[in-house]
Amino acid sequence: MTHCDILIIGAGPAGMAAALAAAPSGASIAIVDDNPVPGGQIWRDSPNANVPVAAQRMRSTLAACANVRIHSGARVISAPAPQTLLLEDAEHGWSLQWKTLILCTGARELLLPFPGWTLPGVTGAGGLQALIKSGLPVAGERIVVAGSGPLLLAAAASAHKAGAKVVRVAEQAGLGAVLGFASRLAGSPGKALQALTLMHPQYRTASHVIAVLGQGRVESVQLQQGSRRVEIACDRLACGFGLVPNTQLGQLLGCGLTPTGLVVDDWQATSQPHIYAAGECTGVGGSERALVQGRIAGLAAVGDTAAAQALWPERSRWQAFAQQLGRSFALAPQLKKLPQADTLVCRCEDVPYAAVRACAGWTDAKLHTRCGMGACQGRICGTAMQFLHGWEQPVPRNPLAPARIGTLAAIPLKGE
Ligand SMILES: Cc1cc2nc3c(=O)[nH]c(=O)nc-3n(C[C@H](O)[C@H](O)[C@H](O)COP(=O)(O)OP(=O)(O)OC[C@H]3O[C@@H](n4cnc5c(N)ncnc54)[C@H](O)[C@@H]3O)c2cc1C
C-alpha cells in the first residue's frame with residue numbers, strides 16, 4: 001500500500017493543470033493515467049504526433065517536480081476501501097491511499113451502430129486520429145469522415161496531413177446550427193483561427209451516414225445529404241457522434257451526476273467529501289475549459305481559494321463555449337433510425353439490434369442478450385442504447401475494468 005496527499009486520475013490537460021497548480025504547496029501528489037505518457041486525448045504522443053510546445057513544457061515541468069509521482073500506463077481497477085484505489089500497470093497491481101482525489105478522467109467518443117459499422121476500415125473519428133498518431137499508414141487512402149462536432153475537422157486535418165485524400169466530411173448538424181457556432185467563435189480569436197485553418201472543401205452539413213458497404217472491408221459509404229442519398233467510394237470511414245464524459249469512476253465513488261457529466265461546485269468539488277473533478281468528465285467543452293478547471297481544482301485542493309477564485313471568470317467564458325458547442329451539435333432524432341434489425345449493437349458479444357430493442361431497459365438487455373457483458377463492459381453499446389432508447393446504465397460496480405488475479409490479490413484485507 002502506498003500513500004499520497006493528492007491523487008489525480010487522468011493526465012490530460014485537466015490532470016496536468018491540477019498537478020501543476022497544487023505542486024508548489026509541497027503536498028505529495030500522484031498522477032495515474034492509462035496512456036504511456038501524460039497528455040490525454042488531445043496531446044497523445046508518438047513519433048507521428050505534433051504535441052504543442054506549451055503541452056511539452058507542462059509535461060517537463062511536471063517531471064521536474066520532486067513531490068509529483070507520475071504512474072503512466074496504469075489504470076484504476078476498483079475502489080476497495082474508503083480513500084483507497086486499486087491500480088494496475090503492466091507489471092503489478094497495488095493499492096494507493098489518498099487524502100484528496102481529483103478526477104480528470106476525460107471523455108470518449110460516442111459511436112452509434114449502423115449497417116456495416118463493424119467492417120474493417122471503420123473507426124471513430126478521434127480513433128482514426130489516435131491510430132494515425134501511433135503510426136497507421138493512410139497515405140493515398142480515400143477517407144470519409146462523418147458524425148458530429150469539431151473533432152470531425154481535426155480528424156480530417158490529421159488524415160490529410162498523413163497523405164490521405166479526405167473525400168467527404170459529413171456533419172449531421174444543419175447549416176444554421178454550424179453557422180451559429182462559428183459566429184460565437186468571433187469572441188475567441190484563437191478558436192476562430194483554428195476553425196478556419198481546419199475548414200475542408202468537402203465539408204457538408206445536414207449530412208449523415210446511413211450504411212457502409214463492402215466485401216470484407218469498407219468499399220463505399222452511403223450518406224443522407226439533405227433530402228438526397230449519395231454513395232461515396234472510399235477505403236476508410238472515420239465516424240464519431242461527439243463525446244461523452246467518462247464518469248464511471250466518479251459514479252462508483254458515489255459522486256452526483258447530471259446528463260452532461262459529474263456535478264461540481266464553484267471549487268470543482270464533487271458531491272463527495274475530498275473528491276474534486278475537472279475537465280471533460282464534468283462536461284464536454286474542449287481543452288481550454290479542462291485546463292482552467294484543472295487549475296481551479298488543484299488550487300482548491302491545497303486551500304489556495306483566492307488564486308482559485310481569480311480563475312472563475314476565465315472558466316465562465318469557456319463554460320459558455322461548451323454550452324454553445326452542446327447546443328449547436330445536438331444529435332438529430334433521425335439518427336435513432338440508423339440501426340437495422342440485423343445491425344450488431346454490442347460488438348463484443350455479437351448482439352443484433354433486433355435482440356435488444358424490445359427489452360425493457362439496460363439490465364433486461366444484459367440479462368437476456370449479454371449486451372454490454374463483453375470486454376468494453378458496455379462503454380460503447382451502453383452509451384449507444386442510452387441515445388437510441390434513453391436507457392440509463394446502472395452505477396458501475398467493482399471491478400471497473402478486467403484485471404489480473406495478482407492485482408485483485410493486492411486488495412488490502414480489513415485492518416491491514
Ligand atoms: C478520441 C478523442 C480524440 C480527441 N482529439 C482532439 C483533437 O484532435 N483536438 C481537440 O481539440 N480535442 C480533441 N479531443 C477532445 C480533447 O481530448 C479534450 O477537449 C481534452 O483533452 C479534455 O481534457 P481532459 O483532461 O478533460 O481529458 P483527456 O484529455 O481525455 O484526459 C483524460 C485522461 O484520463 C485517462 N483515464 C481515464 N480514465 C482512467 C482510469 N480509470 N485509469 C487511468 N487513466 C484514466 C485517459 O486515458 C486520458 O489520458 C479528443 C477527444 C477524444 C475522446
# chains A, B, ... in the order shown; residues from 1 in each chain; ligands from 1

$ residues_near_ligand --ligand "ligand 1" --cutoff "6 Å" --atoms "only C-alpha atoms and all ligand atoms" --output "PyMOL selection string"
chain A and resi 9-15+32-35+40-42+74-76+104-109+126-127+151+154+279-280+286-287+290

$ write_last_selection --atoms "C-alpha atoms" --output "PDB file, in the first residue's frame"
ATOM      1  CA  ILE A   9      -6.691  10.269 -12.109  1.00  0.00           C
ATOM      2  CA  GLY A  10      -6.033  11.290 -15.719  1.00  0.00           C
ATOM      3  CA  ALA A  11      -3.026  13.145 -17.135  1.00  0.00           C
ATOM      4  CA  GLY A  12      -4.801  15.094 -19.873  1.00  0.00           C
ATOM      5  CA  PRO A  13      -4.957  18.909 -19.863  1.00  0.00           C
ATOM      6  CA  ALA A  14      -7.136  18.917 -16.699  1.00  0.00           C
ATOM      7  CA  GLY A  15      -4.990  16.472 -14.721  1.00  0.00           C
ATOM      8  CA  VAL A  32      -2.306   7.913 -12.688  1.00  0.00           C
ATOM      9  CA  ASP A  33      -3.043   7.608 -16.409  1.00  0.00           C
ATOM     10  CA  ASP A  34      -3.514   4.613 -18.648  1.00  0.00           C
ATOM     11  CA  ASN A  35      -1.630   6.155 -21.593  1.00  0.00           C
ATOM     12  CA  GLY A  40      -4.549  12.832 -22.515  1.00  0.00           C
ATOM     13  CA  GLN A  41      -6.540  12.519 -25.720  1.00  0.00           C
ATOM     14  CA  ILE A  42      -5.561  15.800 -27.293  1.00  0.00           C
ATOM     15  CA  ALA A  74      -1.580   2.413 -15.141  1.00  0.00           C
ATOM     16  CA  ARG A  75      -5.321   2.247 -14.696  1.00  0.00           C
ATOM     17  CA  VAL A  76      -7.841   2.222 -11.920  1.00  0.00           C
ATOM     18  CA  CYS A 104      -9.760  14.168 -14.538  1.00  0.00           C
ATOM     19  CA  THR A 105     -10.920  11.138 -16.499  1.00  0.00           C
ATOM     20  CA  GLY A 106     -11.889  12.997 -19.707  1.00  0.00           C
ATOM     21  CA  ALA A 107     -14.334  11.827 -22.337  1.00  0.00           C
ATOM     22  CA  ARG A 108     -14.661   9.205 -25.034  1.00  0.00           C
ATOM     23  CA  GLU A 109     -16.267   9.125 -28.451  1.00  0.00           C
ATOM     24  CA  GLY A 126     -10.892  10.526 -32.778  1.00  0.00           C
ATOM     25  CA  GLY A 127      -9.976   6.855 -33.062  1.00  0.00           C
ATOM     26  CA  LEU A 151     -13.469  16.701 -33.873  1.00  0.00           C
ATOM     27  CA  ALA A 154      -9.499  17.826 -36.611  1.00  0.00           C
ATOM     28  CA  GLY A 279     -12.163  18.599 -17.409  1.00  0.00           C
ATOM     29  CA  GLU A 280     -14.435  16.641 -19.686  1.00  0.00           C
ATOM     30  CA  GLY A 286     -12.542  21.459 -25.032  1.00  0.00           C
ATOM     31  CA  SER A 287      -9.011  21.612 -23.674  1.00  0.00           C
ATOM     32  CA  ALA A 290     -10.290  21.465 -18.998  1.00  0.00           C
TER      33      ALA A 290
END

$ closest_atom_pairs --of "segment 99-218 of chain A" --to "segment 234-243 of chain A" --cutoff "9 Å" --atoms "only C-alpha atoms" --output "JSON lines"
{"residue": "A:Ala107", "atom": "CA", "partner": "A:Leu243", "partner_atom": "CA", "distance": 6.0}
{"residue": "A:Arg108", "atom": "CA", "partner": "A:Leu243", "partner_atom": "CA", "distance": 5.4}
{"residue": "A:Glu109", "atom": "CA", "partner": "A:Leu243", "partner_atom": "CA", "distance": 4.4}
{"residue": "A:Leu110", "atom": "CA", "partner": "A:Phe241", "partner_atom": "CA", "distance": 5.2}
{"residue": "A:Leu111", "atom": "CA", "partner": "A:Gly240", "partner_atom": "CA", "distance": 5.5}
{"residue": "A:Leu112", "atom": "CA", "partner": "A:Phe241", "partner_atom": "CA", "distance": 7.2}
{"residue": "A:Trp117", "atom": "CA", "partner": "A:Leu237", "partner_atom": "CA", "distance": 8.9}
{"residue": "A:Pro120", "atom": "CA", "partner": "A:Arg236", "partner_atom": "CA", "distance": 8.3}
{"residue": "A:Gly121", "atom": "CA", "partner": "A:Arg236", "partner_atom": "CA", "distance": 4.7}
{"residue": "A:Val122", "atom": "CA", "partner": "A:Leu237", "partner_atom": "CA", "distance": 4.8}
{"residue": "A:Thr123", "atom": "CA", "partner": "A:Ala238", "partner_atom": "CA", "distance": 4.9}
{"residue": "A:Gly124", "atom": "CA", "partner": "A:Cys239", "partner_atom": "CA", "distance": 4.7}
{"residue": "A:Ala125", "atom": "CA", "partner": "A:Ala238", "partner_atom": "CA", "distance": 4.4}
{"residue": "A:Gly126", "atom": "CA", "partner": "A:Gly240", "partner_atom": "CA", "distance": 7.2}
{"residue": "A:Gly127", "atom": "CA", "partner": "A:Ala238", "partner_atom": "CA", "distance": 7.6}
{"residue": "A:Leu128", "atom": "CA", "partner": "A:Ala238", "partner_atom": "CA", "distance": 6.2}
{"residue": "A:Glu141", "atom": "CA", "partner": "A:Asp235", "partner_atom": "CA", "distance": 5.9}
{"residue": "A:Arg142", "atom": "CA", "partner": "A:Cys234", "partner_atom": "CA", "distance": 4.8}
{"residue": "A:Ile143", "atom": "CA", "partner": "A:Arg236", "partner_atom": "CA", "distance": 4.9}
{"residue": "A:Val144", "atom": "CA", "partner": "A:Leu237", "partner_atom": "CA", "distance": 4.9}
{"residue": "A:Val145", "atom": "CA", "partner": "A:Ala238", "partner_atom": "CA", "distance": 4.7}
{"residue": "A:Ala146", "atom": "CA", "partner": "A:Cys239", "partner_atom": "CA", "distance": 4.7}
{"residue": "A:Gly147", "atom": "CA", "partner": "A:Phe241", "partner_atom": "CA", "distance": 4.5}
{"residue": "A:Ser148", "atom": "CA", "partner": "A:Phe241", "partner_atom": "CA", "distance": 4.7}
{"residue": "A:Gly149", "atom": "CA", "partner": "A:Gly242", "partner_atom": "CA", "distance": 5.6}
{"residue": "A:Pro150", "atom": "CA", "partner": "A:Gly242", "partner_atom": "CA", "distance": 8.3}
{"residue": "A:Leu151", "atom": "CA", "partner": "A:Gly242", "partner_atom": "CA", "distance": 7.5}
{"residue": "A:Leu152", "atom": "CA", "partner": "A:Gly240", "partner_atom": "CA", "distance": 7.5}
{"residue": "A:Ala155", "atom": "CA", "partner": "A:Ala238", "partner_atom": "CA", "distance": 8.0}
{"residue": "A:Ala156", "atom": "CA", "partner": "A:Ala238", "partner_atom": "CA", "distance": 8.8}
{"residue": "A:Val167", "atom": "CA", "partner": "A:Cys234", "partner_atom": "CA", "distance": 7.6}
{"residue": "A:Gln172", "atom": "CA", "partner": "A:Phe241", "partner_atom": "CA", "distance": 8.6}
{"residue": "A:Val209", "atom": "CA", "partner": "A:Cys239", "partner_atom": "CA", "distance": 8.4}
{"residue": "A:Val212", "atom": "CA", "partner": "A:Leu237", "partner_atom": "CA", "distance": 8.2}
{"residue": "A:Arg217", "atom": "CA", "partner": "A:Asp235", "partner_atom": "CA", "distance": 8.0}
{"residue": "A:Val218", "atom": "CA", "partner": "A:Asp235", "partner_atom": "CA", "distance": 5.7}

$ select_by_dssp --residues "segment 260-300 of chain A" --states "strand (DSSP E or B)" --output "number ranges by chain"
A: 261-262, 269, 275-277

$ write_last_selection --atoms "N, CA and C atoms" --output "PDB file, in the first residue's frame"
ATOM      1  N   GLY A 261     -22.500  15.273 -17.169  1.00  0.00           N
ATOM      2  CA  GLY A 261     -21.243  14.881 -16.518  1.00  0.00           C
ATOM      3  C   GLY A 261     -21.341  14.932 -15.004  1.00  0.00           C
ATOM      4  N   LEU A 262     -20.179  14.758 -14.333  1.00  0.00           N
ATOM      5  CA  LEU A 262     -20.165  14.781 -12.861  1.00  0.00           C
ATOM      6  C   LEU A 262     -20.529  16.185 -12.360  1.00  0.00           C
ATOM      7  N   ALA A 269     -15.443  20.946  -6.583  1.00  0.00           N
ATOM      8  CA  ALA A 269     -15.661  19.848  -5.633  1.00  0.00           C
ATOM      9  C   ALA A 269     -16.904  19.068  -6.050  1.00  0.00           C
ATOM     10  N   ILE A 275     -13.347  14.888  -2.765  1.00  0.00           N
ATOM     11  CA  ILE A 275     -13.198  14.458  -4.168  1.00  0.00           C
ATOM     12  C   ILE A 275     -13.564  15.632  -5.085  1.00  0.00           C
ATOM     13  N   TYR A 276     -12.610  16.031  -5.915  1.00  0.00           N
ATOM     14  CA  TYR A 276     -12.826  17.086  -6.906  1.00  0.00           C
ATOM     15  C   TYR A 276     -12.897  16.429  -8.287  1.00  0.00           C
ATOM     16  N   ALA A 277     -13.417  17.184  -9.265  1.00  0.00           N
ATOM     17  CA  ALA A 277     -13.417  16.690 -10.649  1.00  0.00           C
ATOM     18  C   ALA A 277     -13.193  17.878 -11.575  1.00  0.00           C
TER      19      ALA A 277
END

$ select_by_dssp --residues "segment 26-266 of chain A" --states "alpha helix (DSSP H)" --output "number ranges by chain"
A: 53-64, 125-133, 151-161, 175-184, 189-198, 248-252

$ closest_residue --among "A:Val169, A:Ile411, A:Ala384, A:Ala63" --to "Leu198 of chain A" --atoms "only C-alpha atoms"
A:Val169

$ residues_around --residues "Gly294 of chain A" --least-positions-apart "6" --cutoff "6 Å" --atoms "only C-alpha atoms" --output "mmCIF file with all heavy atoms, in the first residue's frame"
data_model
loop_
_atom_site.group_PDB
_atom_site.id
_atom_site.type_symbol
_atom_site.label_atom_id
_atom_site.label_comp_id
_atom_site.auth_asym_id
_atom_site.auth_seq_id
_atom_site.Cartn_x
_atom_site.Cartn_y
_atom_site.Cartn_z
ATOM 1 N N ALA A 14 -6.596 18.634 -18.040
ATOM 2 C CA ALA A 14 -7.136 18.917 -16.699
ATOM 3 C C ALA A 14 -6.230 18.369 -15.612
ATOM 4 O O ALA A 14 -5.896 19.066 -14.640
ATOM 5 C CB ALA A 14 -8.546 18.334 -16.568
ATOM 6 N N ALA A 17 -2.854 20.229 -15.415
ATOM 7 C CA ALA A 17 -3.034 21.579 -14.860
ATOM 8 C C ALA A 17 -3.292 21.502 -13.348
ATOM 9 O O ALA A 17 -2.771 22.318 -12.570
ATOM 10 C CB ALA A 17 -4.196 22.281 -15.556
ATOM 11 N N ALA A 18 -4.078 20.508 -12.916
ATOM 12 C CA ALA A 18 -4.368 20.364 -11.484
ATOM 13 C C ALA A 18 -3.080 20.076 -10.714
ATOM 14 O O ALA A 18 -2.812 20.672 -9.658
ATOM 15 C CB ALA A 18 -5.378 19.229 -11.272
ATOM 16 N N ALA A 278 -12.480 17.646 -12.665
ATOM 17 C CA ALA A 278 -12.188 18.727 -13.622
ATOM 18 C C ALA A 278 -12.067 18.146 -15.019
ATOM 19 O O ALA A 278 -11.759 16.970 -15.198
ATOM 20 C CB ALA A 278 -10.877 19.416 -13.222
#

$ closest_residue --among "A:Ala341, A:Val166, A:Ala21, A:Ile31" --to "Asp304 of chain A" --atoms "only C-alpha atoms"
A:Ala21

$ residues_around --residues "Val230 of chain A" --least-positions-apart "4" --cutoff "12 Å" --atoms "only C-alpha atoms" --output "PDB file with C-alpha atoms, in the first residue's frame"
ATOM      1  CA  ARG A 168     -16.118  13.975 -47.617  1.00  0.00           C
ATOM      2  CA  ALA A 170     -20.297  14.797 -43.266  1.00  0.00           C
ATOM      3  CA  SER A 207     -25.372  15.027 -43.800  1.00  0.00           C
ATOM      4  CA  HIS A 208     -25.181  11.711 -42.007  1.00  0.00           C
ATOM      5  CA  VAL A 209     -24.046   8.163 -42.628  1.00  0.00           C
ATOM      6  CA  ILE A 210     -26.688   5.539 -43.449  1.00  0.00           C
ATOM      7  CA  ALA A 211     -24.585   2.477 -44.193  1.00  0.00           C
ATOM      8  CA  VAL A 212     -21.147   1.217 -45.087  1.00  0.00           C
ATOM      9  CA  SER A 220     -18.157   2.818 -50.054  1.00  0.00           C
ATOM     10  CA  VAL A 221     -20.317   4.853 -47.685  1.00  0.00           C
ATOM     11  CA  GLN A 222     -23.965   5.777 -48.189  1.00  0.00           C
ATOM     12  CA  LEU A 223     -24.838   9.220 -46.842  1.00  0.00           C
ATOM     13  CA  GLN A 224     -28.088  11.112 -46.427  1.00  0.00           C
ATOM     14  CA  GLN A 225     -27.240  14.559 -47.803  1.00  0.00           C
ATOM     15  CA  GLY A 226     -30.223  16.808 -47.033  1.00  0.00           C
TER      16      GLY A 226
END

$ residues_around --residues "Gln386 of chain A" --least-positions-apart "3" --cutoff "12 Å" --atoms "only C-alpha atoms" --output "PyMOL selection string"
chain A and resi 110-112+244+259+336+345+357+361-362+378-383+389-394

$ residues_around --residues "segment 367-375 of chain A" --least-positions-apart "4" --cutoff "7 Å" --atoms "only C-alpha atoms" --output "list in words"
Cys346, Cys348, Glu349, Val351, Ala355, Thr363, Cys381 and Gly382 of chain A

$ closest_residue --among "A:Ala55, A:Ile232, A:Leu257, A:Leu85" --to "His3 of chain A" --atoms "only C-alpha atoms"
A:Leu85

$ residues_around --residues "segment 321-323 of chain A" --least-positions-apart "4" --cutoff "10 Å" --atoms "only C-alpha atoms" --output "MDAnalysis selection string"
chainID A and resid 181 184:185 187:188 283:286 288:289 315:317 327:328

$ atom_distance --atom1 "atom CA of Cys281 of chain A" --atom2 "atom CA of Asn246 of chain A"
5.1 Å

$ closest_residue --among "A:Arg228, A:Lys133, A:Lys99, A:His71" --to "Ser46 of chain A" --atoms "only C-alpha atoms"
A:Lys133
